[in-house]
$ cat entry27.cif   # mmCIF, C-alpha atoms
data_coords
loop_
_atom_site.label_atom_id
_atom_site.label_comp_id
_atom_site.auth_asym_id
_atom_site.auth_seq_id
_atom_site.Cartn_x
_atom_site.Cartn_y
_atom_site.Cartn_z
CA MET A 1 2.50 -15.05 -22.14
CA ALA A 2 3.80 -13.87 -18.77
CA ASP A 3 2.44 -10.41 -19.59
CA LEU A 4 -1.05 -11.88 -19.93
CA GLY A 5 -0.59 -14.13 -16.90
CA ALA A 6 0.22 -11.09 -14.79
CA ASP A 7 -3.18 -9.59 -15.64
CA VAL A 8 -5.78 -12.32 -16.04
CA PRO A 9 -6.45 -15.76 -14.52
CA PHE A 10 -4.16 -18.43 -15.93
CA GLY A 11 -7.18 -20.27 -17.31
CA GLN A 12 -7.94 -17.36 -19.63
CA VAL A 13 -4.41 -16.95 -20.99
CA ALA A 14 -4.57 -19.89 -23.42
CA ALA A 15 -7.74 -18.56 -25.03
CA LYS A 16 -6.23 -15.11 -25.44
CA MET A 17 -3.03 -16.51 -26.95
CA LYS A 18 -5.12 -18.48 -29.44
CA GLU A 19 -7.34 -15.49 -30.22
CA HIS A 20 -4.57 -12.93 -30.69
CA TYR A 21 -1.62 -15.01 -31.93
CA GLY A 22 -3.06 -18.30 -33.16
CA ILE A 23 -0.91 -20.24 -30.68
CA ASP A 24 -2.20 -23.36 -28.93
CA LEU A 25 -0.88 -23.89 -25.40
CA ALA A 26 -0.68 -27.03 -23.32
CA ASP A 27 -2.73 -27.16 -20.14
CA GLY A 28 -0.83 -25.57 -17.29
CA ALA A 29 1.68 -23.80 -19.53
CA PRO A 30 0.49 -20.25 -18.72
CA ARG A 31 0.81 -20.83 -14.96
CA THR A 32 4.17 -22.58 -15.26
CA LEU A 33 5.74 -19.93 -17.48
CA THR A 34 4.29 -16.90 -15.67
CA GLU A 35 5.30 -18.17 -12.24
CA ARG A 36 8.78 -19.03 -13.51
CA VAL A 37 9.32 -15.56 -14.95
CA ALA A 38 7.93 -13.93 -11.80
CA GLY A 39 10.02 -16.15 -9.54
CA GLU A 40 13.26 -15.19 -11.27
CA LEU A 41 12.79 -11.45 -10.73
CA THR A 42 15.12 -9.66 -8.34
CA GLU A 43 14.52 -6.42 -6.46
CA ALA A 44 16.77 -4.66 -8.96
CA ASP A 45 14.50 -5.84 -11.78
CA CYS A 46 11.35 -4.43 -10.17
CA LEU A 47 12.41 -1.17 -8.54
CA PRO A 48 13.90 1.97 -10.09
CA ALA A 49 17.63 2.39 -9.61
CA ALA A 50 19.00 5.07 -7.30
CA GLY A 51 19.18 8.35 -9.16
CA SER A 52 22.38 10.25 -9.85
CA SER A 53 20.85 13.41 -8.37
CA ASN A 54 20.00 14.00 -4.71
CA THR A 55 18.49 17.45 -5.07
CA ALA A 56 14.75 16.74 -4.94
CA GLU A 57 13.04 19.50 -2.98
CA ARG A 58 9.97 17.59 -1.79
CA LEU A 59 8.81 13.98 -2.14
CA ILE A 60 5.46 12.41 -1.29
CA ILE A 61 5.25 8.87 0.04
CA GLU A 62 2.40 6.62 1.14
CA THR A 63 2.06 3.04 2.33
CA ASP A 64 -0.95 0.88 3.02
CA GLY A 65 -1.56 -2.77 3.79
CA GLY A 66 -4.14 -5.19 2.49
CA MET A 67 -4.75 -8.90 2.90
CA VAL A 68 -3.75 -11.56 0.35
CA PRO A 69 -5.20 -15.13 0.33
CA ILE A 70 -2.45 -17.66 1.09
CA VAL A 71 -2.48 -21.46 0.99
CA GLU A 72 0.22 -23.75 2.36
CA THR A 73 0.68 -27.50 2.20
CA LEU A 74 1.10 -29.11 5.62
CA ALA A 75 4.18 -31.28 6.01
CA GLY A 76 3.70 -35.00 6.49
CA THR A 77 0.27 -35.17 4.83
CA ALA A 78 -0.20 -38.10 2.46
CA ASP A 79 -2.88 -36.39 0.35
CA ALA A 80 -1.69 -32.89 -0.62
CA ARG A 81 -5.22 -31.95 -1.60
CA GLN A 82 -6.43 -32.45 1.95
CA GLY A 83 -3.34 -31.33 3.83
CA LYS A 84 -3.71 -27.63 3.18
CA ARG A 85 -4.14 -24.61 5.39
CA THR A 86 -5.50 -21.27 4.16
CA HIS A 87 -4.95 -17.92 5.80
CA TRP A 88 -4.43 -14.26 4.96
CA ARG A 89 -1.17 -12.31 4.87
CA GLU A 90 -0.75 -8.56 4.70
CA ALA A 91 0.88 -7.11 1.60
CA LYS A 92 2.21 -3.58 2.09
CA VAL A 93 2.18 -1.33 -0.96
CA CYS A 94 4.64 1.57 -0.88
CA ILE A 95 4.60 4.46 -3.34
CA ALA A 96 6.73 7.56 -3.81
CA GLN A 97 6.57 10.49 -6.21
CA GLN A 98 7.89 13.96 -6.73
CA GLN A 99 5.38 16.70 -6.12
CA GLY A 100 3.38 17.24 -9.28
CA GLU A 101 4.01 13.80 -10.77
CA ALA A 102 0.92 11.91 -11.91
CA VAL A 103 2.20 8.33 -11.57
CA PRO A 104 4.20 7.25 -8.51
CA LYS A 105 6.93 4.64 -8.34
CA ALA A 106 5.81 1.60 -6.38
CA GLY A 107 6.90 -1.51 -4.52
CA VAL A 108 5.15 -4.28 -2.58
CA THR A 109 6.37 -6.40 0.32
CA MET A 110 4.83 -9.09 2.48
CA GLY A 111 7.44 -8.36 5.13
CA GLY A 112 7.07 -6.27 8.25
CA PRO A 113 7.58 -2.56 9.02
CA LEU A 114 11.35 -2.70 8.54
CA GLU A 115 10.97 -4.21 5.07
CA ALA A 116 8.35 -1.62 4.13
CA GLY A 117 10.60 1.15 5.44
CA ALA A 118 13.52 -0.13 3.40
CA LEU A 119 11.29 -0.18 0.34
CA LEU A 120 10.21 3.43 0.91
CA LYS A 121 13.85 4.46 1.30
CA ARG A 122 14.77 2.71 -1.94
CA LEU A 123 11.97 4.52 -3.79
CA VAL A 124 12.84 8.01 -2.54
CA GLU A 125 16.52 7.47 -3.34
CA ALA A 126 15.49 6.71 -6.91
CA LEU A 127 13.63 10.01 -7.01
CA GLY A 128 16.52 12.17 -5.83
CA PHE A 129 16.29 12.15 -2.02
CA GLY A 130 19.11 14.16 -0.52
CA PRO A 131 20.17 16.06 2.61
CA LYS A 132 17.78 18.94 1.86
CA THR A 133 14.78 16.93 0.67
CA GLN A 134 11.55 17.18 2.64
CA VAL A 135 9.43 14.01 2.72
CA HIS A 136 5.68 14.20 3.20
CA CYS A 137 3.94 10.96 4.21
CA VAL A 138 0.19 10.55 4.57
CA GLY A 139 -1.33 7.36 5.93
CA ASP A 140 -3.95 5.73 8.12
CA GLY A 141 -2.36 6.48 11.48
CA ALA A 142 -0.80 3.06 12.06
CA ALA A 143 2.03 3.55 14.56
CA TRP A 144 4.52 1.55 12.51
CA ILE A 145 4.22 4.00 9.59
CA SER A 146 4.94 7.13 11.61
CA ASP A 147 7.72 5.27 13.46
CA GLN A 148 9.37 4.37 10.16
CA ILE A 149 9.10 7.94 8.86
CA GLU A 150 10.80 9.26 11.98
CA GLU A 151 13.51 6.59 11.90
CA LEU A 152 14.24 6.91 8.17
CA PHE A 153 13.99 10.65 7.65
CA GLY A 154 14.20 12.36 11.04
CA THR A 155 13.48 16.07 10.79
CA GLN A 156 13.29 15.78 7.00
CA GLY A 157 10.07 13.79 7.25
CA THR A 158 6.54 14.65 8.33
CA PHE A 159 3.61 12.30 8.83
CA LEU A 160 -0.03 13.29 8.33
CA VAL A 161 -3.03 11.16 9.27
CA ASP A 162 -5.28 10.60 6.28
CA LEU A 163 -8.34 12.86 6.64
CA PHE A 164 -10.65 10.01 5.61
CA HIS A 165 -9.52 7.99 8.63
CA VAL A 166 -10.23 10.97 10.87
CA CYS A 167 -13.80 10.92 9.56
CA GLU A 168 -14.01 7.18 10.19
CA TYR A 169 -13.59 7.94 13.89
CA LEU A 170 -15.77 11.05 13.89
CA THR A 171 -18.78 9.35 12.29
CA PRO A 172 -19.55 6.77 15.01
CA ALA A 173 -18.67 9.29 17.72
CA SER A 174 -21.22 11.72 16.29
CA LYS A 175 -24.08 9.43 17.36
CA VAL A 176 -23.11 10.20 20.96
CA CYS A 177 -21.83 13.77 20.70
CA ALA A 178 -24.65 15.09 18.50
CA PRO A 179 -27.33 12.39 18.10
CA GLU A 180 -29.87 14.78 16.56
CA ASP A 181 -27.47 16.45 14.14
CA SER A 182 -24.74 13.90 13.53
CA GLN A 183 -23.93 14.69 9.89
CA ASP A 184 -23.51 18.39 10.49
CA TRP A 185 -21.42 17.65 13.56
CA VAL A 186 -19.03 15.45 11.55
CA ALA A 187 -18.75 18.13 8.85
CA SER A 188 -18.06 20.77 11.50
CA GLN A 189 -15.35 18.76 13.23
CA LYS A 190 -13.73 17.86 9.90
CA ALA A 191 -13.59 21.56 9.05
CA ARG A 192 -11.96 22.28 12.40
CA PHE A 193 -9.30 19.65 11.75
CA LEU A 194 -8.57 21.29 8.40
CA LEU A 195 -8.17 24.61 10.19
CA GLY A 196 -5.62 23.12 12.58
CA GLN A 197 -7.95 22.91 15.58
CA ALA A 198 -7.38 19.25 16.47
CA ARG A 199 -6.63 20.06 20.11
CA GLU A 200 -9.90 21.95 20.47
CA VAL A 201 -11.83 19.05 18.96
CA VAL A 202 -10.17 16.62 21.37
CA ALA A 203 -10.91 18.85 24.36
CA GLU A 204 -14.57 19.09 23.38
CA MET A 205 -14.90 15.34 22.80
CA LYS A 206 -13.49 14.59 26.24
CA ARG A 207 -16.72 15.86 27.78
CA HIS A 208 -18.62 13.11 25.93
CA VAL A 209 -16.28 10.18 26.64
CA GLU A 210 -18.25 7.18 27.88
CA PRO A 211 -17.90 5.99 31.50
CA THR A 212 -15.27 3.34 32.19
CA SER A 213 -18.09 0.88 32.87
CA VAL A 214 -18.90 0.92 29.15
CA ASP A 215 -16.94 -1.64 27.14
CA ASP A 216 -14.53 -0.28 24.52
CA SER A 217 -16.52 -1.95 21.76
CA GLN A 218 -19.52 0.18 22.74
CA ALA A 219 -17.61 3.44 23.29
CA PRO A 220 -17.04 5.24 19.95
CA VAL A 221 -16.23 8.59 21.56
CA ARG A 222 -13.60 7.05 23.81
CA ALA A 223 -12.05 5.33 20.75
CA ALA A 224 -11.97 8.57 18.76
CA TRP A 225 -10.72 10.66 21.68
CA ARG A 226 -7.95 8.16 22.39
CA TYR A 227 -6.97 7.92 18.72
CA PHE A 228 -6.80 11.70 18.27
CA SER A 229 -5.11 12.36 21.61
CA ASN A 230 -2.26 10.00 20.78
CA ARG A 231 -1.60 11.70 17.42
CA LEU A 232 -1.97 15.43 18.01
CA ASP A 233 1.24 16.18 16.12
CA GLN A 234 -0.02 14.33 13.03
CA PHE A 235 -2.92 16.58 12.03
CA ASP A 236 -1.16 19.58 10.47
CA TYR A 237 -3.57 19.93 7.57
CA PRO A 238 -3.07 23.73 7.19
CA ARG A 239 0.61 23.16 6.40
CA ALA A 240 -0.14 20.41 3.89
CA LEU A 241 -2.80 22.47 2.14
CA ALA A 242 -0.58 25.55 2.04
CA LEU A 243 2.15 23.47 0.33
CA ASN A 244 -0.34 21.78 -2.02
CA LEU A 245 0.37 18.38 -0.47
CA PRO A 246 -2.19 15.55 -0.23
CA VAL A 247 -4.23 15.16 2.96
CA GLY A 248 -5.66 11.78 1.92
CA SER A 249 -4.08 8.44 1.05
CA GLY A 250 -6.22 7.71 -1.97
CA ALA A 251 -3.18 7.27 -4.21
CA VAL A 252 -1.78 4.28 -2.32
CA GLU A 253 -5.22 2.74 -1.84
CA SER A 254 -5.75 2.95 -5.60
CA SER A 255 -2.30 1.42 -6.16
CA HIS A 256 -3.18 -1.43 -3.82
CA ARG A 257 -6.33 -2.20 -5.80
CA TYR A 258 -4.40 -2.14 -9.07
CA LEU A 259 -1.14 -3.86 -8.09
CA VAL A 260 -2.46 -6.46 -5.65
CA GLN A 261 -6.20 -6.92 -5.47
CA ALA A 262 -6.97 -6.89 -9.21
CA ARG A 263 -4.92 -10.05 -9.76
CA LEU A 264 -4.41 -11.80 -6.43
CA LYS A 265 -7.86 -11.40 -4.87
CA ARG A 266 -9.97 -12.87 -7.63
CA PRO A 267 -12.79 -15.22 -6.55
CA GLY A 268 -11.45 -18.62 -5.56
CA ALA A 269 -7.79 -17.63 -5.87
CA TRP A 270 -5.34 -18.84 -3.22
CA TRP A 271 -1.57 -18.47 -3.53
CA ARG A 272 1.55 -19.98 -2.06
CA GLU A 273 3.31 -17.16 -0.25
CA ASN A 274 6.42 -17.12 -2.43
CA ILE A 275 4.30 -17.13 -5.60
CA ALA A 276 2.11 -14.30 -4.27
CA GLN A 277 5.17 -12.11 -3.70
CA ALA A 278 6.57 -13.06 -7.11
CA MET A 279 3.32 -12.18 -8.90
CA MET A 280 3.19 -8.81 -7.14
CA ASN A 281 6.81 -8.20 -8.15
CA LEU A 282 5.87 -8.92 -11.76
CA ARG A 283 3.05 -6.38 -11.66
CA VAL A 284 5.27 -3.83 -9.90
CA MET A 285 7.96 -4.18 -12.55
CA ARG A 286 5.47 -3.37 -15.30
CA HIS A 287 4.00 -0.48 -13.31
CA ASN A 288 7.48 1.02 -12.86
CA GLN A 289 7.98 0.75 -16.64
CA LEU A 290 10.90 -1.69 -16.31
CA TRP A 291 9.39 -4.49 -18.41
CA GLU A 292 11.29 -3.70 -21.62
CA ALA A 293 14.57 -3.13 -19.77
CA TYR A 294 14.22 -6.51 -18.07
CA TRP A 295 13.75 -8.43 -21.30
CA GLU A 296 16.54 -6.55 -23.04
CA LYS A 297 18.82 -7.67 -20.22
CA ARG A 298 17.58 -11.26 -20.44
CA TRP A 299 18.07 -11.41 -24.20
CA ALA A 300 21.57 -9.98 -23.88
CA GLU A 301 22.75 -12.63 -21.39
CA PRO A 302 23.15 -15.51 -23.92
CA LEU A 303 25.01 -13.14 -26.25
CA ARG A 304 27.44 -12.17 -23.49
CA ARG A 305 28.04 -15.81 -22.61
CA ALA A 306 28.61 -16.70 -26.27
CA ALA A 307 31.13 -13.88 -26.66
#

$ encode --input "entry27.cif" --output "structure tokens"
Amino acid sequence: MADLGADVPFGQVAAKMKEHYGIDLADGAPRTLTERVAGELTEADCLPAAGSSNTAERLIIETDGGMVPIVETLAGTADARQGKRTHWREAKVCIAQQQGEAVPKAGVTMGGPLEAGALLKRLVEALGFGPKTQVHCVGDGAAWISDQIEELFGTQGTFLVDLFHVCEYLTPASKVCAPEDSQDWVASQKARFLLGQAREVVAEMKRHVEPTSVDDSQAPVRAAWRYFSNRLDQFDYPRALALNLPVGSGAVESSHRYLVQARLKRPGAWWRENIAQAMMNLRVMRHNQLWEAYWEKRWAEPLRRAA
């Protein structure tokens, strides 16, 4: 039942249990059981254990955040139905894989950068991270990601800004830099980034930066120039391409849709924060192919106690 509850709305679980197994469930049973199973999971249940080898040559990691709908009951309210506050919390998905692997290992946290960094470290250690391992990270340019890569891996780690996010800055800037030929201009600048000419692109864009009298919200060239200028050491696409490493963060964005959004961002769904994290842990455990191992351990516990 928890397997179904991890995938579909709780209201649909009873019908599926009846359809597939002929079992009638009491109202609320799918939610109660699924949340109980999810809430009992530990980090060790959800994440791969540290490997015995530390000889991996190169590992690829990515992390990306997305918002989860959260509801909390306000203390001191007589009517719990009315005393509620809804808001959004960021869930950070972290993935790691050896070069050439099709399916990465994953983890999710609603904590901050330090928690996400610890999760990335745990994942690479499971994949054989050692003193000679090189770690390639690609992401959206958020400062906390590159800071964590430097802190965790030092000279063993490199951070590359996702090429898609480069284009997200180039596209609005093109309306100012090349208003009559904006699409070709974006394609040209993208090609220059791929050739390792980020500094030349930045130097050229500086000539088009809007006057200081123009508000930042109306200055796309200034935004792009500032973004690129502050990250000139994070655009080494020639190196990544030469080593057959990804230059886009599509893998982690896909993982976010599958691990988080597909279940937690359904229409009308709001979650208590602890339940949201527990449900994501449940989905992570299955993704990391630890579902069977978890239940084997659970079934063995009564036998050990009886012995």

$ resolve_selection --input "entry27.cif" --expression "the PyMOL selection byres ((chain A and resi 281) around 8)" --output "list in words"
Ala38, Leu41, Cys46, Gly107, Val108, Gln277, Ala278, Met279, Met280, Leu282, Arg283, Val284 and Met285 of chain A

$ resolve_selection --input "entry27.cif" --expression "the PyMOL selection byres ((chain A and resi 195-203) around 10)" --output "PyMOL selection string"
chain A and resi 188-194+204-208+224-229+231-239+241

$ closest_residue --input "entry27.cif" --among "A:Arg85, A:Lys105, A:Lys132, A:His20" --to "Arg286 in chain A" --atoms "all atoms listed in the file"
A:Lys105

$ atom_distance --input "entry27.cif" --atom1 "CA of Arg58 in chain A" --atom2 "CA of Gln98 in chain A"
6.5 Å

$ atom_distance --input "entry27.cif" --atom1 "CA of Leu59 in chain A" --atom2 "CA of Thr109 in chain A"
20.7 Å

$ residues_around --input "entry27.cif" --residues "Ala276 in chain A" --least-positions-apart "6" --cutoff "9 Å" --atoms "only C-alpha atoms" --output "PyMOL selection string"
chain A and resi 68-70+110+264+270

$ atom_distance --input "entry27.cif" --atom1 "CA of Gly100 in chain A" --atom2 "CA of Gly130 in chain A"
18.3 Å

$ residues_around --input "entry27.cif" --residues "Arg266 in chain A" --least-positions-apart "3" --cutoff "10 Å" --atoms "all atoms listed in the file" --output "PDB file with C-alpha atoms, in the coordinates of the input"
ATOM      1  CA  VAL A   8      -5.780 -12.320 -16.040  1.00  0.00           C
ATOM      2  CA  PRO A   9      -6.450 -15.760 -14.520  1.00  0.00           C
ATOM      3  CA  PRO A  69      -5.200 -15.130   0.330  1.00  0.00           C
ATOM      4  CA  GLN A 261      -6.200  -6.920  -5.470  1.00  0.00           C
ATOM      5  CA  ALA A 262      -6.970  -6.890  -9.210  1.00  0.00           C
ATOM      6  CA  ARG A 263      -4.920 -10.050  -9.760  1.00  0.00           C
ATOM      7  CA  ALA A 269      -7.790 -17.630  -5.870  1.00  0.00           C
ATOM      8  CA  TRP A 270      -5.340 -18.840  -3.220  1.00  0.00           C
TER       9      TRP A 270
END

$ residues_around --input "entry27.cif" --residues "range 168-177 of chain A" --least-positions-apart "5" --cutoff "6 Å" --atoms "only C-alpha atoms" --output "VMD selection string"
chain A and resid 182 186 220 to 221 224

$ resolve_selection --input "entry27.cif" --expression "the PyMOL selection byres ((chain A and resi 149) around 10)" --output "list in words"
Ile61, Gly117, Leu120, Lys121, Val135, His136, Cys137, Trp144, Ile145, Ser146, Asp147, Gln148, Glu150, Glu151, Leu152, Phe153, Gly154, Thr155, Gln156, Gly157, Thr158 and Phe159 of chain A

$ residues_near_point --input "entry27.cif" --point "(0.2, -19.3, -18.5)" --cutoff "8 Å" --atoms "all atoms listed in the file" --output "list of chain:residue names"
A:Met1, A:Ala2, A:Leu4, A:Gly5, A:Phe10, A:Gly11, A:Val13, A:Ala14, A:Gly28, A:Ala29, A:Pro30, A:Arg31, A:Thr32, A:Leu33, A:Thr34

$ closest_residue --input "entry27.cif" --among "A:Ala126, A:Ile60, A:Val209, A:Ala118" --to "Ala102 in chain A" --atoms "all atoms listed in the file"
A:Ile60

$ closest_residue --input "entry27.cif" --among "A:Arg298, A:Arg272, A:Arg122, A:Lys265" --to "Glu43 in chain A" --atoms "only C-alpha atoms"
A:Arg122

$ closest_residue --input "entry27.cif" --among "A:Ala106, A:Leu123, A:Met67, A:Leu245" --to "Ala49 in chain A" --atoms "all atoms listed in the file"
A:Leu123

$ closest_residue --input "entry27.cif" --among "A:Glu35, A:Asp216, A:Glu72, A:Asp64" --to "His87 in chain A" --atoms "all atoms listed in the file"
A:Glu72

$ closest_residue --input "entry27.cif" --among "A:Gln289, A:Gln97, A:Thr73, A:Asn230" --to "Glu273 in chain A" --atoms "all atoms listed in the file"
A:Thr73

$ residues_around --input "entry27.cif" --residues "Ser254 in chain A" --least-positions-apart "5" --cutoff "12 Å" --atoms "only C-alpha atoms" --output "NGL selection string"
:A and (62-66 or 93-95 or 103-104 or 106 or 248-249 or 259-262)

$ decode --input "entry27.cif" --residues "range 231-247 of chain A" --atoms "C-alpha atoms" --output "mmCIF file, in the first residue's frame"
data_model
loop_
_atom_site.group_PDB
_atom_site.id
_atom_site.type_symbol
_atom_site.label_atom_id
_atom_site.label_comp_id
_atom_site.auth_asym_id
_atom_site.auth_seq_id
_atom_site.Cartn_x
_atom_site.Cartn_y
_atom_site.Cartn_z
ATOM 1 C CA ARG A 231 31.411 33.753 -13.094
ATOM 2 C CA LEU A 232 34.126 33.894 -15.738
ATOM 3 C CA ASP A 233 35.861 30.834 -14.298
ATOM 4 C CA GLN A 234 32.666 28.764 -14.569
ATOM 5 C CA PHE A 235 32.264 28.635 -18.355
ATOM 6 C CA ASP A 236 34.912 26.098 -19.390
ATOM 7 C CA TYR A 237 32.726 24.327 -21.930
ATOM 8 C CA PRO A 238 35.653 23.236 -24.175
ATOM 9 C CA ARG A 239 37.088 21.187 -21.309
ATOM 10 C CA ALA A 240 33.740 19.589 -20.504
ATOM 11 C CA LEU A 241 33.067 18.712 -24.125
ATOM 12 C CA ALA A 242 36.568 17.322 -24.611
ATOM 13 C CA LEU A 243 36.026 15.019 -21.593
ATOM 14 C CA ASN A 244 32.495 14.077 -22.713
ATOM 15 C CA LEU A 245 30.977 15.707 -19.628
ATOM 16 C CA PRO A 246 27.516 17.320 -19.537
ATOM 17 C CA VAL A 247 27.194 21.068 -20.116
#
